[in-house]
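K.L.:
This is the structure, below, for whatever I ask next.
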Amino acid sequence: MKYIALLIIITVSLFACTDMYEYQEKYEGEIVYPARFDTIIGLVGYERVELELMKAGRIPSKQINLGKAQKTIVEYDDKVVTIDSLVSYVNITGLTSRKLYRFKVYTIDEYGNKSVPQEIALIPFTSDALASMEVSTPRILKSPTAAVVDWPNGLSSVLLDYYGLSFEYEDKDGIVRLGERGENARFFVGNVAAGEDTKIKVDYKIVPLVNGKAILDTVILSDELMIDMPTGSTEFSVAEREVLLANGVETFTSDGVSAIEKLVFPIHANSLQDIFYFPNLKELDLTGGDLFTLPELTYDRNGVVDIVGGGSYSPFMKKTGGMAEANAQSLIDLLESGILEKVTYYSNSMGLDEMLKPYINQGVVEVIQGASSVLIDKQFLLDGNVQSSNFNIDITYPYAGSPVEERIENAYKVACKAKSASLVFALPKEYEFNIEDYRYLKFKVYAPSKDVFSGTYAPFQRLWPRFMNRMWSFGGNSSFGQQYWALDKFSIEDDQLQKWTDVTIDMTEALDKHNRVIILNIGGEPGVTPSEDIIYYFGNIRFEKE
């Protein structure tokens, strides 16, 4: 029995051992993978790429937990890059070949076990690609001794985003001139030899676009511009012929204007480009001086012909819309290069104030400030009948009888003849009100006695000031359309009748508009035509700063 029991024990043990090894055999050759990165996104740079490896974004290595994974491995071509930590992104540099690179990124643990790799294929932007790029051709404005290089439509394109440039050239005295520009790429080249070629080296700061997407890096694209300078006898293209003729210019060549050291431009001039061609220009007067009067505007309608404008400039006026920056760049070029020694300018008259600020501080630009109070002269009075017979009034001007006092200037006697009787003032269409400097419209008004406003005539005790770009029937008088606004109709109080009453209107609402017409309506359009004259007096109609 003892032998039988021993045999059973040995047999059971043998079978138990055989089952254990059979269980182990099922796992022989098994590989243990550490955790892998959860994504891979490629970003192209200049001769490099960046690989994003974490959906959580770029985070410090100490915040990355991928189980037993300890290192980051990057493989491409025949290269292996080992990073002794887990990283959320990698920067691969030195990719100078313009080809497709295949990147494989994985982690390893302390035993060298590899994770499942993340793979991506990318083509970096290289020097070969940069060499094949071109910027748009510039517009070049030339005189015999100077040039302006600019890009009216900008330098950015479907191939690149432009951010700045530097330029270099040698002038006729052998001096190397350097300059830098930012968003506005325009630059001035001066003191070069007439009739010869001028070479300009230009380095453009750009970010190339690949498939419409910007690469990671800003790069420098180098180029050369060759400008063939004209001779002094070459006729230049004139932008403001009448202005130059008024200044005594008869020959439109650089040689022909070489003796001129001062030019005068009217405030309503559209361009200052012509000053670029005057090689010895030292002074520029932008006030119009004694050479120019205001333009006139003729109204012809309803059997009425009336003209506004002409005469002298008033500082409560400014050029409509201001001068376009591109049309004033020649002024800045000559100021920046030190050619102009003096510029005279009325405050807020042409929209150039911000551009001129640096040169005001340098003492080169003199800004003339208008008087604190400026009367609106009769040259701007318009017969309202050109719009409608309902605007009809009889005007006596200048009125010197009673009730005019010594302190009343530019007095008007106004007899209301129609249901929309209105006193109208309008500027030439080249001008609008200078609200930046003259915020307030003020006037004195003398209304008749209370008995005149009895019954249906009661509404004529009130005024209704209205402001606009143009009279309704004259759409061509404003390129900005109609920007109408009005005050609420207000009454002249009973205790103010038969005495001079001051009225002040804050014109702030006109700041962003191009208003150039004032309508002082008497009665607020009550729909009643007076059978007898209703007499008002107006005086001291003016703009004031405060």
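Quick note on naming: the chains in the structure tokens go A, B, ... in the order shown, residues restart at 1 in each chain, and ligands are numbered from 1 in order of appearance.
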I'd like to know which residues of range 427-523 of chain A are strand (DSSP E or B) (by DSSP, run on the backbone); could you write them as a ChimeraX atom specification?
P.N.:
/A:431-433,440-446,462-468,485-486,490-491,500-506,517-522
K.L.:
Write the residues you've just listed into a file as a short mmCIF file (atom, residue, chain, number, x, y, z; two decimals), in the first residue's frame, and include N, CA, C and O atoms for each of them.
P.N.:
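Saved result, again.cif, follows:
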data_model
loop_
_atom_site.label_atom_id
_atom_site.label_comp_id
_atom_site.auth_asym_id
_atom_site.auth_seq_id
_atom_site.Cartn_x
_atom_site.Cartn_y
_atom_site.Cartn_z
N TYR A 431 -15.47 121.40 -49.41
CA TYR A 431 -15.23 121.68 -47.99
C TYR A 431 -16.36 121.14 -47.12
O TYR A 431 -17.48 120.93 -47.57
N GLU A 432 -16.02 120.95 -45.83
CA GLU A 432 -17.00 120.60 -44.81
C GLU A 432 -16.63 121.35 -43.54
O GLU A 432 -15.59 122.01 -43.47
N PHE A 433 -17.47 121.24 -42.51
CA PHE A 433 -17.22 121.98 -41.27
C PHE A 433 -16.10 121.32 -40.46
O PHE A 433 -16.05 120.09 -40.32
N TYR A 440 -18.84 124.47 -31.66
CA TYR A 440 -20.12 125.12 -31.39
C TYR A 440 -20.53 126.08 -32.51
O TYR A 440 -19.73 126.88 -33.00
N LEU A 441 -21.79 125.97 -32.91
CA LEU A 441 -22.42 126.95 -33.78
C LEU A 441 -23.23 127.88 -32.88
O LEU A 441 -24.06 127.42 -32.09
N LYS A 442 -22.98 129.19 -32.99
CA LYS A 442 -23.67 130.14 -32.13
C LYS A 442 -24.25 131.26 -32.98
O LYS A 442 -23.71 131.60 -34.03
N PHE A 443 -25.36 131.83 -32.51
CA PHE A 443 -25.92 133.01 -33.17
C PHE A 443 -26.86 133.73 -32.20
O PHE A 443 -27.23 133.20 -31.15
N LYS A 444 -27.19 134.96 -32.59
CA LYS A 444 -28.20 135.73 -31.85
C LYS A 444 -29.45 135.83 -32.71
O LYS A 444 -29.36 135.96 -33.94
N VAL A 445 -30.59 135.75 -32.07
CA VAL A 445 -31.85 135.82 -32.80
C VAL A 445 -32.79 136.81 -32.08
O VAL A 445 -32.83 136.87 -30.85
N TYR A 446 -33.51 137.59 -32.88
CA TYR A 446 -34.48 138.57 -32.35
C TYR A 446 -35.82 138.22 -32.97
O TYR A 446 -36.02 138.34 -34.18
N ARG A 462 -40.91 129.09 -32.95
CA ARG A 462 -39.84 128.12 -32.69
C ARG A 462 -38.88 128.05 -33.88
O ARG A 462 -39.18 128.46 -34.99
N LEU A 463 -37.68 127.46 -33.59
CA LEU A 463 -36.64 127.27 -34.59
C LEU A 463 -36.31 125.79 -34.71
O LEU A 463 -36.47 125.02 -33.75
N TRP A 464 -35.82 125.41 -35.89
CA TRP A 464 -35.46 124.00 -36.13
C TRP A 464 -34.14 123.95 -36.93
O TRP A 464 -34.16 123.99 -38.15
N PRO A 465 -33.01 123.89 -36.25
CA PRO A 465 -31.72 123.81 -36.95
C PRO A 465 -31.49 122.40 -37.51
O PRO A 465 -31.66 121.39 -36.81
N ARG A 466 -31.09 122.33 -38.78
CA ARG A 466 -30.82 121.05 -39.45
C ARG A 466 -29.46 121.11 -40.15
O ARG A 466 -29.05 122.18 -40.62
N PHE A 467 -28.82 119.93 -40.25
CA PHE A 467 -27.46 119.87 -40.79
C PHE A 467 -27.37 118.70 -41.77
O PHE A 467 -27.94 117.63 -41.54
N MET A 468 -26.64 118.90 -42.84
CA MET A 468 -26.57 117.87 -43.87
C MET A 468 -25.34 118.06 -44.75
O MET A 468 -24.61 119.05 -44.65
N TRP A 485 -28.73 115.24 -39.89
CA TRP A 485 -29.18 115.20 -38.49
C TRP A 485 -29.80 116.55 -38.15
O TRP A 485 -29.60 117.54 -38.85
N ALA A 486 -30.57 116.58 -37.08
CA ALA A 486 -31.28 117.82 -36.71
C ALA A 486 -31.47 117.87 -35.20
O ALA A 486 -31.50 116.85 -34.52
N PHE A 490 -37.24 123.88 -31.07
CA PHE A 490 -37.32 124.53 -29.75
C PHE A 490 -37.92 125.92 -29.90
O PHE A 490 -37.72 126.61 -30.91
N SER A 491 -38.67 126.32 -28.89
CA SER A 491 -39.36 127.61 -28.91
C SER A 491 -38.49 128.69 -28.28
O SER A 491 -37.66 128.43 -27.41
N TRP A 500 -32.58 140.40 -28.15
CA TRP A 500 -31.57 139.51 -28.73
C TRP A 500 -31.31 138.33 -27.79
O TRP A 500 -30.98 138.53 -26.62
N THR A 501 -31.49 137.15 -28.32
CA THR A 501 -31.35 135.91 -27.54
C THR A 501 -30.19 135.09 -28.11
O THR A 501 -30.07 134.93 -29.33
N ASP A 502 -29.36 134.57 -27.23
CA ASP A 502 -28.22 133.75 -27.65
C ASP A 502 -28.64 132.29 -27.81
O ASP A 502 -29.33 131.73 -26.94
N VAL A 503 -28.21 131.69 -28.89
CA VAL A 503 -28.46 130.27 -29.15
C VAL A 503 -27.11 129.59 -29.38
O VAL A 503 -26.27 130.08 -30.15
N THR A 504 -26.88 128.47 -28.70
CA THR A 504 -25.64 127.69 -28.85
C THR A 504 -26.01 126.26 -29.23
O THR A 504 -26.84 125.63 -28.57
N ILE A 505 -25.38 125.76 -30.28
CA ILE A 505 -25.63 124.39 -30.74
C ILE A 505 -24.32 123.61 -30.69
O ILE A 505 -23.31 124.00 -31.29
N ASP A 506 -24.34 122.51 -29.94
CA ASP A 506 -23.18 121.62 -29.88
C ASP A 506 -23.15 120.77 -31.14
O ASP A 506 -24.08 119.99 -31.40
N VAL A 517 -23.81 121.90 -44.91
CA VAL A 517 -25.00 122.73 -45.10
C VAL A 517 -25.70 122.92 -43.75
O VAL A 517 -25.86 121.97 -42.98
N ILE A 518 -26.10 124.17 -43.48
CA ILE A 518 -26.88 124.51 -42.28
C ILE A 518 -28.22 125.09 -42.74
O ILE A 518 -28.25 126.00 -43.59
N ILE A 519 -29.30 124.58 -42.18
CA ILE A 519 -30.63 125.13 -42.46
C ILE A 519 -31.25 125.57 -41.13
O ILE A 519 -31.49 124.74 -40.25
N LEU A 520 -31.46 126.87 -40.99
CA LEU A 520 -32.15 127.40 -39.81
C LEU A 520 -33.60 127.62 -40.21
O LEU A 520 -33.97 128.65 -40.78
N ASN A 521 -34.42 126.63 -39.90
CA ASN A 521 -35.84 126.67 -40.27
C ASN A 521 -36.62 127.43 -39.20
O ASN A 521 -36.46 127.19 -38.00
N ILE A 522 -37.48 128.33 -39.65
CA ILE A 522 -38.32 129.10 -38.73
C ILE A 522 -39.72 128.50 -38.74
O ILE A 522 -40.38 128.43 -39.78
#
K.L.:
Grab the CA of Ala458 in chain A to CA of Gly527 in chain A distance for me, in Å with one decimal place.
P.N.:
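Straight-line distance from CA of Ala458 in chain A to CA of Gly527 in chain A works out to 11.7 Å.
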K.L.:
Calculate how many Å separate CA of Leu130 in chain A from CA of Leu53 in chain A, rounding to one decimal.
P.N.:
28.3 Å
K.L.:
If we count only C-alpha atoms and set the cut-off at 12 Å, which residues sit around Ile123 in chain A, ignoring sequence neighbours fewer than 2 positions away in its own chain? Please answer as an NGL selection string.
P.N.:
:A and (42-50 or 95-103 or 120-121 or 125-126 or 129 or 210-211 or 215)
K.L.:
From the set A:Ala411, A:Ala246, A:Val364, A:Val452, which residue has the shortest atom-to-atom contact distance to Asp290 in chain A, counting only C-alpha atoms?
P.N.:
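Going through A:Ala411, A:Ala246, A:Val364, A:Val452 one by one, the smallest distance to Asp290 in chain A is for A:Ala246.
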K.L.:
Identify which of the residues A:Asp173, A:Ser222, A:Lys213, A:Leu487 lies closest to Ser132 in chain A, counting only C-alpha atoms when measuring atom-to-atom distances.
P.N.:
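Checking each of A:Asp173, A:Ser222, A:Lys213, A:Leu487 against Ser132 in chain A, counting only C-alpha atoms, the winner is A:Ser222.
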K.L.:
Any chance you could list, as a PyMOL selection string, the residues in range 247-276 of chain A that come up helix (DSSP H, G or I) when DSSP is run on the backbone?
P.N.:
chain A and resi 273-276
K.L.:
Using only all heavy atoms, please write the residues we just selected to a file, as a short mmCIF file (atom, residue, chain, number, x, y, z; two decimals), in the first residue's frame.
P.N.:
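Saved the output as part-v2.cif:
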data_model
loop_
_atom_site.label_atom_id
_atom_site.label_comp_id
_atom_site.auth_asym_id
_atom_site.auth_seq_id
_atom_site.Cartn_x
_atom_site.Cartn_y
_atom_site.Cartn_z
N GLN A 273 1.70 115.42 -54.82
CA GLN A 273 2.71 114.62 -55.52
C GLN A 273 3.70 115.50 -56.30
O GLN A 273 4.89 115.19 -56.39
CB GLN A 273 2.03 113.65 -56.48
CG GLN A 273 2.98 112.87 -57.37
CD GLN A 273 2.23 112.01 -58.37
OE1 GLN A 273 1.36 111.25 -57.99
NE2 GLN A 273 2.57 112.13 -59.65
N ASP A 274 3.25 116.61 -56.84
CA ASP A 274 4.09 117.42 -57.72
C ASP A 274 5.32 118.00 -57.03
O ASP A 274 6.32 118.28 -57.69
CB ASP A 274 3.27 118.55 -58.33
CG ASP A 274 2.16 118.05 -59.24
OD1 ASP A 274 2.31 116.94 -59.80
OD2 ASP A 274 1.15 118.75 -59.39
N ILE A 275 5.27 118.19 -55.72
CA ILE A 275 6.41 118.81 -55.04
C ILE A 275 7.66 117.92 -55.13
O ILE A 275 8.78 118.41 -54.99
CB ILE A 275 6.09 119.11 -53.56
CG1 ILE A 275 5.90 117.82 -52.75
CG2 ILE A 275 4.86 120.01 -53.45
CD1 ILE A 275 5.71 118.07 -51.25
N PHE A 276 7.46 116.66 -55.40
CA PHE A 276 8.57 115.71 -55.52
C PHE A 276 9.54 116.10 -56.63
O PHE A 276 10.73 115.80 -56.57
CB PHE A 276 7.98 114.32 -55.77
CG PHE A 276 8.99 113.26 -56.09
CD1 PHE A 276 9.79 112.72 -55.11
CD2 PHE A 276 9.13 112.80 -57.39
CE1 PHE A 276 10.72 111.74 -55.42
CE2 PHE A 276 10.05 111.83 -57.71
CZ PHE A 276 10.85 111.29 -56.71
#
K.L.:
Near Val148 in chain A, counting only C-alpha atoms, which residues have an atom at most 10 Å away, once you skip same-chain residues fewer than 5 positions from it, shown as a PyMOL selection string?
P.N.:
chain A and resi 138-143+186-190+276+329-330+333
K.L.:
Choose the residue, out of A:Val81, A:Asn327, A:Val105, A:Val243, that has the smallest atom-to-atom separation from Leu291 in chain A; count only C-alpha atoms.
P.N.:
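Among A:Val81, A:Asn327, A:Val105, A:Val243, it is A:Val243 that comes nearest to Leu291 in chain A.
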K.L.:
Can you pull out every residue within 9 Å of Arg439 in chain A, counting only C-alpha atoms, but drop anything in the same chain fewer than 3 positions away, and send it as an MDAnalysis selection string?
P.N.:
chainID A and resid 434:436 505:508 510:511 543:546
K.L.:
Take the selection from the previous step and output its residues with N, CA and C atoms, as a compact mmCIF listing (two decimals), in the first residue's frame.
P.N.:
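File written: part.txt
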# COMPACT_ATOMS: atom_id res chain seq x y z
N ASN A 434 -15.23 122.13 -39.92
CA ASN A 434 -14.10 121.68 -39.10
C ASN A 434 -14.55 121.59 -37.64
N ILE A 435 -15.23 120.52 -37.33
CA ILE A 435 -15.81 120.37 -35.99
C ILE A 435 -14.72 120.02 -34.97
N GLU A 436 -13.61 119.43 -35.40
CA GLU A 436 -12.51 119.13 -34.46
C GLU A 436 -12.07 120.40 -33.73
N ILE A 505 -25.38 125.76 -30.28
CA ILE A 505 -25.63 124.39 -30.74
C ILE A 505 -24.32 123.61 -30.69
N ASP A 506 -24.34 122.51 -29.94
CA ASP A 506 -23.18 121.62 -29.88
C ASP A 506 -23.15 120.77 -31.14
N MET A 507 -22.07 120.89 -31.94
CA MET A 507 -21.98 120.21 -33.23
C MET A 507 -21.28 118.85 -33.15
N THR A 508 -21.15 118.31 -31.94
CA THR A 508 -20.41 117.06 -31.78
C THR A 508 -20.93 115.95 -32.68
N ALA A 510 -21.74 116.02 -35.57
CA ALA A 510 -21.23 116.15 -36.94
C ALA A 510 -19.78 115.68 -37.07
N LEU A 511 -19.15 115.26 -35.97
CA LEU A 511 -17.73 114.90 -36.00
C LEU A 511 -17.43 113.81 -37.02
N PHE A 543 -18.98 130.20 -35.77
CA PHE A 543 -18.47 128.99 -35.15
C PHE A 543 -17.48 129.40 -34.06
N GLU A 544 -17.53 128.68 -32.93
CA GLU A 544 -16.60 128.96 -31.84
C GLU A 544 -15.99 127.67 -31.31
N LYS A 545 -14.80 127.81 -30.73
CA LYS A 545 -14.08 126.65 -30.19
C LYS A 545 -14.64 126.23 -28.82
N GLU A 546 -15.12 127.20 -28.07
CA GLU A 546 -15.59 126.90 -26.71
C GLU A 546 -16.93 127.59 -26.45
K.L.:
Show me, as a PyMOL selection string, the residues that have an atom within 8 Å of Glu430 in chain A when counting only C-alpha atoms, minus same-chain residues fewer than 2 positions from it.
P.N.:
chain A and resi 268+295+319-320+427-428+432
K.L.:
Take the residues that were just selected and, keeping all heavy atoms, output them as an mmCIF file, in the first residue's frame.
P.N.:
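Full text of result-v8.cif as output:
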data_model
loop_
_atom_site.group_PDB
_atom_site.id
_atom_site.type_symbol
_atom_site.label_atom_id
_atom_site.label_comp_id
_atom_site.auth_asym_id
_atom_site.auth_seq_id
_atom_site.Cartn_x
_atom_site.Cartn_y
_atom_site.Cartn_z
ATOM 1 N N HIS A 268 -7.994 122.908 -50.671
ATOM 2 C CA HIS A 268 -8.801 121.894 -51.357
ATOM 3 C C HIS A 268 -8.006 121.117 -52.402
ATOM 4 O O HIS A 268 -8.585 120.338 -53.171
ATOM 5 C CB HIS A 268 -10.027 122.537 -52.010
ATOM 6 C CG HIS A 268 -9.698 123.667 -52.937
ATOM 7 N ND1 HIS A 268 -9.621 124.967 -52.515
ATOM 8 C CD2 HIS A 268 -9.420 123.693 -54.273
ATOM 9 C CE1 HIS A 268 -9.319 125.753 -53.533
ATOM 10 N NE2 HIS A 268 -9.198 124.996 -54.621
ATOM 11 N N PRO A 295 -13.129 127.805 -54.056
ATOM 12 C CA PRO A 295 -13.930 127.497 -55.252
ATOM 13 C C PRO A 295 -15.374 127.940 -55.042
ATOM 14 O O PRO A 295 -15.829 128.122 -53.911
ATOM 15 C CB PRO A 295 -13.816 125.975 -55.367
ATOM 16 C CG PRO A 295 -13.463 125.501 -54.004
ATOM 17 C CD PRO A 295 -12.657 126.591 -53.367
ATOM 18 N N LYS A 319 -10.984 120.577 -45.723
ATOM 19 C CA LYS A 319 -11.154 119.838 -46.978
ATOM 20 C C LYS A 319 -12.064 118.641 -46.751
ATOM 21 O O LYS A 319 -11.870 117.863 -45.812
ATOM 22 C CB LYS A 319 -9.791 119.377 -47.503
ATOM 23 C CG LYS A 319 -9.864 118.519 -48.764
ATOM 24 C CD LYS A 319 -8.465 118.143 -49.260
ATOM 25 C CE LYS A 319 -8.543 117.086 -50.353
ATOM 26 N NZ LYS A 319 -9.344 117.524 -51.509
ATOM 27 N N THR A 320 -13.054 118.474 -47.610
ATOM 28 C CA THR A 320 -13.988 117.361 -47.462
ATOM 29 C C THR A 320 -13.257 116.017 -47.519
ATOM 30 O O THR A 320 -12.552 115.716 -48.489
ATOM 31 C CB THR A 320 -15.047 117.395 -48.574
ATOM 32 O OG1 THR A 320 -15.820 118.577 -48.446
ATOM 33 C CG2 THR A 320 -15.975 116.191 -48.480
ATOM 34 N N LEU A 427 -21.367 125.436 -47.828
ATOM 35 C CA LEU A 427 -19.971 125.567 -48.249
ATOM 36 C C LEU A 427 -19.817 125.006 -49.659
ATOM 37 O O LEU A 427 -20.630 124.190 -50.105
ATOM 38 C CB LEU A 427 -19.048 124.802 -47.300
ATOM 39 C CG LEU A 427 -19.118 125.148 -45.815
ATOM 40 C CD1 LEU A 427 -18.094 124.319 -45.049
ATOM 41 C CD2 LEU A 427 -18.893 126.632 -45.581
ATOM 42 N N PRO A 428 -18.766 125.396 -50.379
ATOM 43 C CA PRO A 428 -18.461 124.713 -51.643
ATOM 44 C C PRO A 428 -18.293 123.218 -51.374
ATOM 45 O O PRO A 428 -17.904 122.812 -50.274
ATOM 46 C CB PRO A 428 -17.145 125.352 -52.086
ATOM 47 C CG PRO A 428 -17.053 126.629 -51.340
ATOM 48 C CD PRO A 428 -17.761 126.429 -50.048
ATOM 49 N N GLU A 432 -16.024 120.945 -45.831
ATOM 50 C CA GLU A 432 -16.997 120.596 -44.810
ATOM 51 C C GLU A 432 -16.630 121.350 -43.538
ATOM 52 O O GLU A 432 -15.589 122.011 -43.469
ATOM 53 C CB GLU A 432 -17.002 119.083 -44.555
ATOM 54 C CG GLU A 432 -15.671 118.540 -44.052
ATOM 55 C CD GLU A 432 -15.637 117.020 -43.954
ATOM 56 O OE1 GLU A 432 -15.608 116.361 -45.006
ATOM 57 O OE2 GLU A 432 -15.648 116.524 -42.815
#
